[in-house]
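Everything below belongs to protein_35.cif, which stores mmCIF, C-alpha atoms.
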```cif
data_data
#
loop_
_atom_site.group_PDB
_atom_site.id
_atom_site.type_symbol
_atom_site.label_atom_id
_atom_site.label_comp_id
_atom_site.auth_asym_id
_atom_site.auth_seq_id
_atom_site.Cartn_x
_atom_site.Cartn_y
_atom_site.Cartn_z
ATOM 1 C CA MET V 23 -7.362 -19.497 15.336
ATOM 2 C CA PHE V 24 -9.666 -20.763 12.570
ATOM 3 C CA GLY V 25 -11.850 -17.673 12.374
ATOM 4 C CA ARG V 26 -9.694 -15.190 14.274
ATOM 5 C CA ARG V 27 -6.701 -13.068 13.361
ATOM 6 C CA PRO V 28 -4.795 -10.395 15.324
ATOM 7 C CA ASP V 29 -5.094 -7.913 12.436
ATOM 8 C CA ALA V 30 -8.597 -8.425 11.031
ATOM 9 C CA THR V 31 -12.171 -9.613 11.517
ATOM 10 C CA LEU V 32 -13.742 -12.437 9.534
ATOM 11 C CA VAL V 33 -16.304 -11.214 6.981
ATOM 12 C CA LYS V 34 -19.388 -13.406 7.284
ATOM 13 C CA GLN V 35 -22.009 -11.582 5.227
ATOM 14 C CA ILE V 36 -20.786 -12.269 1.687
ATOM 15 C CA THR V 37 -22.311 -13.754 -1.441
ATOM 16 C CA PRO V 38 -21.805 -17.413 -2.409
ATOM 17 C CA LEU V 39 -19.645 -16.234 -5.337
ATOM 18 C CA GLN V 40 -17.332 -14.272 -3.036
ATOM 19 C CA ARG V 41 -17.106 -17.236 -0.688
ATOM 20 C CA PHE V 42 -16.220 -19.553 -3.556
ATOM 21 C CA MET V 43 -13.723 -17.320 -5.399
ATOM 22 C CA PRO V 44 -10.698 -18.197 -3.197
ATOM 23 C CA PHE V 45 -11.161 -21.832 -4.193
ATOM 24 C CA VAL V 46 -11.356 -20.991 -7.916
ATOM 25 C CA SER V 47 -8.386 -18.601 -7.668
ATOM 26 C CA PRO V 48 -6.341 -19.590 -4.595
ATOM 27 C CA ARG V 49 -3.548 -17.091 -5.338
ATOM 28 C CA ARG V 50 -3.754 -13.299 -5.591
ATOM 29 C CA ASN V 51 -2.048 -13.242 -8.958
ATOM 30 C CA GLU V 52 -4.789 -15.478 -10.355
ATOM 31 C CA ALA V 53 -7.372 -12.791 -9.568
ATOM 32 C CA LEU V 54 -5.615 -9.620 -10.749
ATOM 33 C CA VAL V 55 -7.470 -6.645 -12.177
ATOM 34 C CA LEU V 56 -5.482 -3.808 -13.777
ATOM 35 C CA TYR V 57 -6.719 -0.225 -13.960
ATOM 36 C CA ALA V 58 -5.086 2.957 -15.285
ATOM 37 C CA GLN V 59 -6.067 6.398 -14.041
ATOM 38 C CA THR V 60 -4.988 9.869 -15.202
ATOM 39 C CA ILE V 61 -5.437 12.679 -12.688
ATOM 40 C CA SER V 62 -5.183 16.467 -13.056
ATOM 41 C CA VAL V 63 -2.754 17.872 -10.488
ATOM 42 C CA ASP V 64 -2.683 21.652 -11.039
ATOM 43 C CA ALA V 65 -4.987 22.255 -8.056
ATOM 44 C CA ALA V 66 -2.896 19.914 -5.914
ATOM 45 C CA PHE V 67 0.320 21.789 -6.747
ATOM 46 C CA ALA V 68 -1.311 25.137 -5.932
ATOM 47 C CA PHE V 69 -2.481 23.706 -2.602
ATOM 48 C CA ILE V 70 0.990 22.304 -1.852
ATOM 49 C CA GLU V 71 2.698 25.604 -2.691
ATOM 50 C CA ALA V 72 0.412 27.511 -0.326
ATOM 51 C CA ARG V 73 1.019 25.064 2.531
ATOM 52 C CA ASN V 74 4.788 24.930 1.978
ATOM 53 C CA ALA V 75 5.077 28.696 2.429
ATOM 54 C CA SER V 76 4.971 28.160 6.202
ATOM 55 C CA ARG V 77 6.925 24.883 6.376
ATOM 56 C CA PRO V 78 10.712 24.376 6.566
ATOM 57 C CA PRO V 79 12.407 23.106 3.361
ATOM 58 C CA GLU V 80 13.259 19.735 4.897
ATOM 59 C CA LYS V 81 9.567 19.169 5.644
ATOM 60 C CA ARG V 82 8.044 20.366 2.407
ATOM 61 C CA LEU V 83 4.874 18.739 1.184
ATOM 62 C CA THR V 84 4.878 16.945 -2.175
ATOM 63 C CA LEU V 85 2.338 15.475 -4.555
ATOM 64 C CA PHE V 86 3.256 12.064 -3.140
ATOM 65 C CA HIS V 87 1.887 13.100 0.265
ATOM 66 C CA VAL V 88 -1.358 14.289 -1.342
ATOM 67 C CA ILE V 89 -1.757 10.960 -3.148
ATOM 68 C CA LEU V 90 -1.005 8.932 -0.011
ATOM 69 C CA ARG V 91 -3.671 10.810 1.919
ATOM 70 C CA ALA V 92 -6.125 10.457 -0.974
ATOM 71 C CA ILE V 93 -5.643 6.676 -0.936
ATOM 72 C CA ALA V 94 -6.154 6.548 2.837
ATOM 73 C CA LEU V 95 -9.350 8.599 2.537
ATOM 74 C CA ALA V 96 -10.644 6.383 -0.280
ATOM 75 C CA LEU V 97 -10.028 3.247 1.800
ATOM 76 C CA ASP V 98 -11.940 4.836 4.663
ATOM 77 C CA GLU V 99 -14.857 5.740 2.391
ATOM 78 C CA LYS V 100 -14.863 2.365 0.613
ATOM 79 C CA PRO V 101 -13.991 -0.067 3.433
ATOM 80 C CA ARG V 102 -14.531 -3.211 1.354
ATOM 81 C CA LEU V 103 -11.295 -2.325 -0.457
ATOM 82 C CA ASN V 104 -9.546 -2.768 2.893
ATOM 83 C CA ARG V 105 -10.172 -6.506 2.872
ATOM 84 C CA PHE V 106 -7.957 -9.456 2.039
ATOM 85 C CA VAL V 107 -8.157 -13.193 1.473
ATOM 86 C CA LYS V 108 -6.163 -15.474 3.751
ATOM 87 C CA GLY V 109 -6.765 -19.146 4.482
ATOM 88 C CA SER V 110 -9.502 -19.148 1.775
ATOM 89 C CA ARG V 111 -11.517 -16.687 3.861
ATOM 90 C CA LEU V 112 -12.322 -13.002 3.463
ATOM 91 C CA TRP V 113 -11.145 -10.651 6.219
ATOM 92 C CA GLN V 114 -11.810 -7.001 7.073
ATOM 93 C CA ARG V 115 -8.534 -5.364 8.084
ATOM 94 C CA ASP V 116 -8.246 -3.455 11.342
ATOM 95 C CA GLY V 117 -7.089 0.053 10.457
ATOM 96 C CA ILE V 118 -5.727 1.570 7.270
ATOM 97 C CA TRP V 119 -2.089 0.685 6.632
ATOM 98 C CA LEU V 120 -0.072 1.930 3.663
ATOM 99 C CA THR V 121 3.383 0.759 2.634
ATOM 100 C CA PHE V 122 5.543 2.787 0.277
ATOM 101 C CA SER V 123 9.018 2.423 -1.131
ATOM 102 C CA ALA V 124 11.869 4.880 -1.599
ATOM 103 C CA LYS V 125 15.560 4.724 -2.443
ATOM 104 C CA ARG V 126 18.010 5.418 0.379
ATOM 105 C CA ALA V 127 19.843 7.742 -2.015
ATOM 106 C CA PHE V 128 19.465 8.902 -5.611
ATOM 107 C CA ALA V 129 22.076 6.501 -6.978
ATOM 108 C CA ASP V 130 21.846 3.418 -9.194
ATOM 109 C CA ASP V 131 23.287 1.107 -6.535
ATOM 110 C CA ALA V 132 21.346 2.588 -3.606
ATOM 111 C CA SER V 133 19.081 0.112 -1.827
ATOM 112 C CA VAL V 134 15.306 0.492 -1.739
ATOM 113 C CA ILE V 135 13.617 0.840 1.641
ATOM 114 C CA THR V 136 9.997 0.168 2.497
ATOM 115 C CA VAL V 137 8.054 2.081 5.114
ATOM 116 C CA LYS V 138 4.732 0.951 6.566
ATOM 117 C CA ARG V 139 2.498 3.351 8.459
ATOM 118 C CA GLN V 140 -1.007 3.372 9.856
ATOM 119 C CA PHE V 141 -3.072 6.253 8.477
ATOM 120 C CA ASN V 142 -5.798 8.049 10.376
ATOM 121 C CA PRO V 143 -8.237 9.540 7.839
ATOM 122 C CA LYS V 144 -9.073 12.297 10.342
ATOM 123 C CA GLU V 145 -5.520 13.712 10.454
ATOM 124 C CA ASP V 146 -4.835 16.607 8.112
ATOM 125 C CA LEU V 147 -2.309 16.539 5.283
ATOM 126 C CA GLU V 148 0.478 18.247 7.218
ATOM 127 C CA ALA V 149 0.225 15.907 10.214
ATOM 128 C CA MET V 150 0.181 12.927 7.866
ATOM 129 C CA ALA V 151 3.216 14.201 5.944
ATOM 130 C CA ASP V 152 5.167 14.722 9.177
ATOM 131 C CA GLY V 153 4.349 11.141 10.145
ATOM 132 C CA VAL V 154 5.617 9.908 6.779
ATOM 133 C CA LEU V 155 8.810 11.973 6.755
ATOM 134 C CA ALA V 156 10.026 10.806 10.181
ATOM 135 C CA PRO V 157 10.510 7.080 9.363
ATOM 136 C CA LEU V 158 11.898 7.944 5.926
ATOM 137 C CA SER V 159 14.576 10.142 7.497
ATOM 138 C CA SER V 160 15.465 7.368 9.947
ATOM 139 C CA SER V 161 15.738 4.734 7.210
ATOM 140 C CA ARG V 162 17.727 6.984 4.883
ATOM 141 C CA SER V 163 20.229 7.564 7.684
ATOM 142 C CA GLY V 164 21.246 3.919 7.270
ATOM 143 C CA LYS V 165 19.282 2.507 10.201
ATOM 144 C CA LEU V 166 17.879 -0.929 9.366
ATOM 145 C CA THR V 167 14.134 -1.444 9.527
ATOM 146 C CA THR V 168 12.652 -4.251 11.637
ATOM 147 C CA SER V 169 11.851 -6.305 8.533
ATOM 148 C CA GLU V 170 15.415 -5.869 7.226
ATOM 149 C CA LYS V 171 16.792 -7.149 10.534
ATOM 150 C CA GLU V 172 14.433 -10.154 10.430
ATOM 151 C CA MET V 173 15.433 -10.984 6.849
ATOM 152 C CA GLY V 174 19.099 -10.745 7.817
ATOM 153 C CA VAL V 175 18.567 -13.358 10.528
ATOM 154 C CA MET V 176 16.548 -15.647 8.242
ATOM 155 C CA LEU V 177 19.136 -15.491 5.458
ATOM 156 C CA ARG V 178 21.749 -16.980 7.783
ATOM 157 C CA LEU V 179 19.775 -20.243 7.786
ATOM 158 C CA PRO V 180 20.557 -23.117 5.386
ATOM 159 C CA LEU V 181 18.329 -22.941 2.289
ATOM 160 C CA SER V 182 16.369 -26.078 3.182
ATOM 161 C CA VAL V 183 15.669 -24.746 6.673
ATOM 162 C CA LEU V 184 14.693 -21.332 5.283
ATOM 163 C CA ARG V 185 12.259 -22.904 2.797
ATOM 164 C CA PHE V 186 10.642 -24.944 5.578
ATOM 165 C CA ALA V 187 10.457 -21.907 7.874
ATOM 166 C CA MET V 188 8.713 -19.854 5.171
ATOM 167 C CA TRP V 189 6.290 -22.701 4.397
ATOM 168 C CA PHE V 190 5.494 -23.135 8.078
ATOM 169 C CA ALA V 191 5.000 -19.374 8.572
ATOM 170 C CA ALA V 192 2.623 -19.234 5.585
ATOM 171 C CA LYS V 193 0.567 -22.103 7.012
ATOM 172 C CA ALA V 194 0.514 -20.481 10.446
ATOM 173 C CA ASP V 195 -0.751 -17.292 8.791
ATOM 174 C CA ASP V 196 -3.521 -19.239 7.033
ATOM 175 C CA TRP V 197 -4.588 -20.643 10.414
ATOM 176 C CA GLY V 198 -4.495 -17.254 12.162
ATOM 177 C CA LEU V 199 -1.447 -18.152 14.253
ATOM 178 C CA MET V 200 0.935 -15.473 12.981
ATOM 179 C CA PRO V 201 1.870 -13.235 15.955
ATOM 180 C CA GLY V 202 0.517 -9.712 15.791
ATOM 181 C CA THR V 203 3.994 -8.261 16.385
ATOM 182 C CA MET V 204 5.289 -9.919 13.206
ATOM 183 C CA ILE V 205 2.289 -8.747 11.196
ATOM 184 C CA HIS V 206 2.701 -5.183 12.466
ATOM 185 C CA ALA V 207 6.381 -5.084 11.436
ATOM 186 C CA ASP V 208 6.025 -6.752 8.027
ATOM 187 C CA PRO V 209 5.493 -4.214 5.189
ATOM 188 C CA LEU V 210 3.557 -6.743 3.090
ATOM 189 C CA TYR V 211 0.760 -6.959 5.661
ATOM 190 C CA THR V 212 -0.798 -3.756 4.435
ATOM 191 C CA SER V 213 -3.916 -2.224 2.884
ATOM 192 C CA ALA V 214 -2.007 -1.043 -0.184
ATOM 193 C CA PHE V 215 1.564 -0.732 -1.451
ATOM 194 C CA ILE V 216 2.510 2.474 -3.290
ATOM 195 C CA ALA V 217 5.581 2.964 -5.475
ATOM 196 C CA ASN V 218 6.438 6.455 -6.722
ATOM 197 C CA LEU V 219 8.313 5.969 -9.996
ATOM 198 C CA GLY V 220 7.556 9.571 -10.877
ATOM 199 C CA SER V 221 10.104 10.658 -8.258
ATOM 200 C CA VAL V 222 12.858 9.302 -10.533
ATOM 201 C CA GLY V 223 11.228 10.517 -13.764
ATOM 202 C CA LEU V 224 9.741 7.198 -14.879
ATOM 203 C CA GLU V 225 6.328 6.353 -16.264
ATOM 204 C CA ALA V 226 3.929 4.243 -14.229
ATOM 205 C CA GLY V 227 3.778 0.504 -14.841
ATOM 206 C CA TYR V 228 1.711 -2.335 -13.473
ATOM 207 C CA HIS V 229 3.098 -4.383 -10.588
ATOM 208 C CA HIS V 230 2.225 -7.888 -9.446
ATOM 209 C CA LEU V 231 0.826 -8.626 -5.987
ATOM 210 C CA TRP V 232 2.957 -10.580 -3.532
ATOM 211 C CA GLU V 233 1.645 -13.930 -2.356
ATOM 212 C CA TRP V 234 3.280 -13.373 1.029
ATOM 213 C CA GLY V 235 1.394 -11.118 3.417
ATOM 214 C CA THR V 236 -2.065 -9.633 2.920
ATOM 215 C CA CYS V 237 -1.609 -6.771 0.428
ATOM 216 C CA PRO V 238 -4.513 -6.727 -2.087
ATOM 217 C CA ILE V 239 -3.685 -3.430 -3.856
ATOM 218 C CA PHE V 240 -0.578 -2.058 -5.576
ATOM 219 C CA CYS V 241 -0.437 1.498 -6.940
ATOM 220 C CA VAL V 242 2.380 2.826 -9.126
ATOM 221 C CA ILE V 243 2.666 6.608 -9.550
ATOM 222 C CA GLY V 244 4.184 7.926 -12.777
ATOM 223 C CA HIS V 245 5.930 11.195 -13.637
ATOM 224 C CA ILE V 246 4.137 14.521 -14.057
ATOM 225 C CA ALA V 247 3.169 15.119 -17.685
ATOM 226 C CA GLU V 248 2.585 18.554 -19.196
ATOM 227 C CA THR V 249 -0.526 18.538 -21.408
ATOM 228 C CA PRO V 250 -2.605 21.264 -23.121
ATOM 229 C CA GLU V 251 -5.165 20.758 -20.340
ATOM 230 C CA GLY V 252 -2.571 21.171 -17.578
ATOM 231 C CA ARG V 253 -0.307 18.920 -15.530
ATOM 232 C CA LYS V 254 -1.411 15.324 -15.121
ATOM 233 C CA VAL V 255 -0.152 12.183 -13.415
ATOM 234 C CA THR V 256 -0.946 8.563 -14.249
ATOM 235 C CA LEU V 257 -1.615 6.009 -11.533
ATOM 236 C CA LYS V 258 -1.644 2.322 -12.432
ATOM 237 C CA TRP V 259 -3.471 -0.016 -10.103
ATOM 238 C CA THR V 260 -3.343 -3.750 -9.533
ATOM 239 C CA TYR V 261 -5.885 -5.252 -7.160
ATOM 240 C CA ASP V 262 -7.215 -8.597 -6.015
ATOM 241 C CA GLU V 263 -10.771 -8.966 -7.321
ATOM 242 C CA ARG V 264 -11.583 -11.547 -4.647
ATOM 243 C CA THR V 265 -11.817 -8.750 -2.063
ATOM 244 C CA ALA V 266 -14.381 -6.593 -3.903
ATOM 245 C CA ASP V 267 -16.069 -6.629 -7.298
ATOM 246 C CA ALA V 268 -14.667 -4.458 -10.083
ATOM 247 C CA PHE V 269 -17.472 -1.882 -9.949
ATOM 248 C CA TYR V 270 -16.961 -1.235 -6.228
ATOM 249 C CA ALA V 271 -13.181 -1.171 -6.630
ATOM 250 C CA VAL V 272 -13.277 1.373 -9.460
ATOM 251 C CA GLN V 273 -15.615 3.561 -7.404
ATOM 252 C CA GLY V 274 -13.010 3.510 -4.647
ATOM 253 C CA ILE V 275 -10.142 4.271 -7.007
ATOM 254 C CA GLU V 276 -12.090 7.193 -8.458
ATOM 255 C CA ARG V 277 -12.395 8.597 -4.936
ATOM 256 C CA VAL V 278 -8.596 8.892 -5.027
ATOM 257 C CA ARG V 279 -8.961 11.113 -8.094
ATOM 258 C CA HIS V 280 -11.528 13.262 -6.302
ATOM 259 C CA HIS V 281 -9.290 13.844 -3.290
ATOM 260 C CA VAL V 282 -6.189 14.629 -5.380
ATOM 261 C CA GLU V 283 -8.066 17.041 -7.648
ATOM 262 C CA ASN V 284 -9.831 18.646 -4.667
ATOM 263 C CA PRO V 285 -7.154 18.658 -1.932
ATOM 264 C CA SER V 286 -7.971 19.748 1.594
#
```
What does the file become when written as structure tokens?
Amino acid sequence: MFGRRPDATLVKQITPLQRFMPFVSPRRNEALVLYAQTISVDAAFAFIEARNASRPPEKRLTLFHVILRAIALALDEKPRLNRFVKGSRLWQRDGIWLTFSAKRAFADDASVITVKRQFNPKEDLEAMADGVLAPLSSSRSGKLTTSEKEMGVMLRLPLSVLRFAMWFAAKADDWGLMPGTMIHADPLYTSAFIANLGSVGLEAGYHHLWEWGTCPIFCVIGHIAETPEGRKVTLKWTYDERTADAFYAVQGIERVRHHVENPS
């Protein structure tokens, strides 16, 4: 409480400007920085094809898995990107957590599910992909996630009670009183949120950051484009500048490019 959280450590060695920024811009969406990135993916597809030769069809690797791992590696290499502001203080998150969304089925009226997973930068691509595919298969089978069950309970409350409960929970989070079990289950308490619009043939677009939770980065993946120089994909990033200055953040984002273009 007041300097402790179950999911992070208070950052004490920061500049006066960083310490003051949460008071100038109390909300994440008042400190947004947008960044577009185009990445060559021919080498990634060749790498994926070679690995898939020995994997069953239902567990095939995709470009999405390569990008997820690249983001996890970049967050490990640039740990200041794995920070967040809560209660007007800067925190260093414990572990690398990524949340990603997917449709339960390829249909207009199919619901969107979110999956949150801790990523170990030392695990290889195939182990990481297996860890991603397992919860996706469970959710697509119709099984409700923990957060969906919690929302179902909350939505049974009268609106006035629900508003008060959300206000109280937000204040408790500011004071470091949010239980670790709730933080672990909530997909918006995450290092970054990734949406793969390319999987449904759409271009990437910028996304806002949620005020709930602790997510300081949103990445939207677009469709694969054929160009004279080869296949390319566009990633569009939104991040909270209060966590790290723009120069440091762009260095981290460019590490994602390096890992996608040089997969291992």
Can you list what the PyMOL selection byres ((chain V and resi 105) around 9) grabs from this structure, as a ChimeraX atom specification? /V:30,33,101-104,106-107,112-115,213,236-238,265-266
The PyMOL selection byres ((chain V and resi 215-231) around 8) resolved against shown file, as a PyMOL selection string: chain V and resi 50-51+56+86+120-124+210+212-214+232-233+237-246+256-261
Could you write those residues out with C-alpha atoms, as a short mmCIF file (atom, residue, chain, number, x, y, z; two decimals), keeping the file's coordinate frame?
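Full text of result-v9.cif as output:
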```
data_model
loop_
_atom_site.label_atom_id
_atom_site.label_comp_id
_atom_site.auth_asym_id
_atom_site.auth_seq_id
_atom_site.Cartn_x
_atom_site.Cartn_y
_atom_site.Cartn_z
CA ARG V 50 -3.75 -13.30 -5.59
CA ASN V 51 -2.05 -13.24 -8.96
CA LEU V 56 -5.48 -3.81 -13.78
CA PHE V 86 3.26 12.06 -3.14
CA LEU V 120 -0.07 1.93 3.66
CA THR V 121 3.38 0.76 2.63
CA PHE V 122 5.54 2.79 0.28
CA SER V 123 9.02 2.42 -1.13
CA ALA V 124 11.87 4.88 -1.60
CA LEU V 210 3.56 -6.74 3.09
CA THR V 212 -0.80 -3.76 4.43
CA SER V 213 -3.92 -2.22 2.88
CA ALA V 214 -2.01 -1.04 -0.18
CA TRP V 232 2.96 -10.58 -3.53
CA GLU V 233 1.64 -13.93 -2.36
CA CYS V 237 -1.61 -6.77 0.43
CA PRO V 238 -4.51 -6.73 -2.09
CA ILE V 239 -3.68 -3.43 -3.86
CA PHE V 240 -0.58 -2.06 -5.58
CA CYS V 241 -0.44 1.50 -6.94
CA VAL V 242 2.38 2.83 -9.13
CA ILE V 243 2.67 6.61 -9.55
CA GLY V 244 4.18 7.93 -12.78
CA HIS V 245 5.93 11.20 -13.64
CA ILE V 246 4.14 14.52 -14.06
CA THR V 256 -0.95 8.56 -14.25
CA LEU V 257 -1.62 6.01 -11.53
CA LYS V 258 -1.64 2.32 -12.43
CA TRP V 259 -3.47 -0.02 -10.10
CA THR V 260 -3.34 -3.75 -9.53
CA TYR V 261 -5.88 -5.25 -7.16
#
```
Please write the residues picked by the PyMOL selection byres ((chain V and resi 70) around 12) on this file as a PyMOL selection string. chain V and resi 63-69+71-77+81-89+147-148+151+282-286
Find, counting all atoms listed in the file, the residue in V:Lys171, V:Arg185, V:Arg91, V:Arg111 that gets nearest to Lys34 of chain V. V:Arg111
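Closest approach to Pro44 of chain V among V:Met176, V:Trp234, V:Asp262, V:Ala96 is made by V:Asp262 (distances from all atoms listed in the file).
The coordinates place atom CA of Met188 of chain V at 16.2 Å from atom CA of Ala207 of chain V.
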Please determine, counting all atoms listed in the file, which residue among V:Arg264, V:Ala92, V:Gln35, V:Glu248 has the shortest atom-to-atom distance to Ser47 of chain V. V:Arg264
So which residues are close to (-6.7, 8.4, 2.3), meaning at most 9 Å away in the file's coordinates with all atoms listed in the file counted, and can you show them as an NGL selection string? :V and (88-99 or 118 or 141-143 or 278 or 281)
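Between atom CA of Val137 of chain V and atom CA of Glu52 of chain V the interatomic distance comes to 26.7 Å.
Take atom CA of Arg41 of chain V and atom CA of Asp196 of chain V: the distance between them is 15.8 Å.
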